[in-house]
Amino acid sequence: MTTWLPPGTTKTMFVVRADPAPLGAAGLRAGLADAGALRVQLNVDDEHVAPALRLATAAPVSAALSV
């Protein structure tokens with residue numbers, strides 16, 4: 001449970017099945033902030049998080065984006 005967000009704040013998570021590199025661009029983060037995002041977190045599929053990103057799906061997951 002996230003405790004620092006204001007009550008009623010919505011958190012949206014996206015599963016990424018393509019190259020996640022563009023999601024780290026400063027322009028995307030700035031655009032999300034302009035749209036009201038309080039926090040952006042990008043978890044990419046590397047040796048540290050690979051087991052956590054293994055979902056029972058046909059297509060591989062390359063990242064998870066939380067806004």
# chains A, B, ... in the order shown; residues from 1 in each chain; ligands from 1
>>> residues_around(residues="stretch 13-27 of chain A", least_positions_apart="4", cutoff="10 Å", atoms="only C-alpha atoms", output="list in words")
Gly31, Leu32, Ala33, Val40, Gln41, Leu42, Asn43, Val44, Asp45, Leu53, Leu55, Ala59, Pro60, Val61, Ser62, Ala63, Ala64, Leu65, Ser66 and Val67 of chain A
>>> write_last_selection(atoms="N, CA, C and O atoms", output="compact mmCIF listing (two decimals), in the first residue's frame")
# COMPACT_ATOMS: atom_id res chain seq x y z
N GLY A 31 5.97 15.32 -19.72
CA GLY A 31 4.59 15.31 -20.20
C GLY A 31 3.63 14.68 -19.21
O GLY A 31 2.52 15.17 -19.00
N LEU A 32 4.07 13.59 -18.59
CA LEU A 32 3.24 12.95 -17.57
C LEU A 32 3.06 13.86 -16.36
O LEU A 32 1.97 13.95 -15.79
N ALA A 33 4.11 14.56 -15.97
CA ALA A 33 4.02 15.50 -14.85
C ALA A 33 3.06 16.64 -15.20
O ALA A 33 2.24 17.05 -14.37
N VAL A 40 6.57 8.65 -11.44
CA VAL A 40 6.72 7.71 -12.55
C VAL A 40 7.82 6.73 -12.18
O VAL A 40 8.90 7.14 -11.75
N GLN A 41 7.53 5.45 -12.31
CA GLN A 41 8.53 4.43 -12.00
C GLN A 41 8.57 3.45 -13.16
O GLN A 41 7.54 2.95 -13.61
N LEU A 42 9.77 3.15 -13.65
CA LEU A 42 9.98 2.22 -14.75
C LEU A 42 10.87 1.09 -14.25
O LEU A 42 12.00 1.32 -13.83
N ASN A 43 10.36 -0.13 -14.28
CA ASN A 43 11.13 -1.31 -13.93
C ASN A 43 11.40 -2.09 -15.20
O ASN A 43 10.46 -2.57 -15.83
N VAL A 44 12.67 -2.20 -15.58
CA VAL A 44 13.02 -2.92 -16.81
C VAL A 44 13.45 -4.34 -16.49
O VAL A 44 13.88 -4.66 -15.38
N ASP A 45 13.31 -5.19 -17.49
CA ASP A 45 13.67 -6.60 -17.37
C ASP A 45 15.18 -6.75 -17.45
O ASP A 45 15.76 -6.70 -18.52
N LEU A 53 9.18 -10.12 -13.31
CA LEU A 53 8.46 -9.72 -14.52
C LEU A 53 8.02 -10.92 -15.36
O LEU A 53 7.52 -10.75 -16.46
N LEU A 55 5.44 -13.16 -16.22
CA LEU A 55 4.00 -13.36 -16.09
C LEU A 55 3.59 -14.53 -16.97
O LEU A 55 4.26 -14.86 -17.95
N ALA A 59 3.34 -13.45 -24.68
CA ALA A 59 4.37 -12.48 -25.11
C ALA A 59 5.26 -12.12 -23.92
O ALA A 59 4.77 -11.92 -22.81
N PRO A 60 6.57 -12.01 -24.13
CA PRO A 60 7.46 -11.62 -23.03
C PRO A 60 7.22 -10.19 -22.57
O PRO A 60 6.88 -9.31 -23.36
N VAL A 61 7.42 -9.95 -21.30
CA VAL A 61 7.29 -8.62 -20.70
C VAL A 61 8.69 -8.02 -20.61
O VAL A 61 9.60 -8.63 -20.05
N SER A 62 8.88 -6.81 -21.15
CA SER A 62 10.20 -6.18 -21.10
C SER A 62 10.30 -5.13 -19.99
O SER A 62 11.39 -4.74 -19.61
N ALA A 63 9.15 -4.66 -19.48
CA ALA A 63 9.17 -3.64 -18.42
C ALA A 63 7.78 -3.49 -17.82
O ALA A 63 6.79 -3.95 -18.38
N ALA A 64 7.74 -2.81 -16.67
CA ALA A 64 6.48 -2.42 -16.03
C ALA A 64 6.60 -0.93 -15.73
O ALA A 64 7.61 -0.48 -15.20
N LEU A 65 5.58 -0.17 -16.10
CA LEU A 65 5.57 1.29 -15.91
C LEU A 65 4.44 1.63 -14.95
O LEU A 65 3.29 1.24 -15.16
N SER A 66 4.77 2.33 -13.88
CA SER A 66 3.76 2.77 -12.90
C SER A 66 3.68 4.29 -12.95
O SER A 66 4.68 4.98 -12.90
N VAL A 67 2.47 4.81 -13.05
CA VAL A 67 2.23 6.25 -13.09
C VAL A 67 1.18 6.58 -12.05
O VAL A 67 0.18 5.94 -11.95
>>> select_by_dssp(residues="chain A", states="helix (DSSP H, G or I)", output="ChimeraX atom specification")
/A:21-24,26-34,50-53
>>> select_by_dssp(residues="stretch 3-60 of chain A", states="strand (DSSP E)", output="list in words")
Met13, Phe14, Val15, Val16, Gln41, Leu42, Asn43 and Val44 of chain A
>>> atom_distance(atom1="atom CA of A:His48", atom2="atom CA of A:Ala30")
27.1 Å
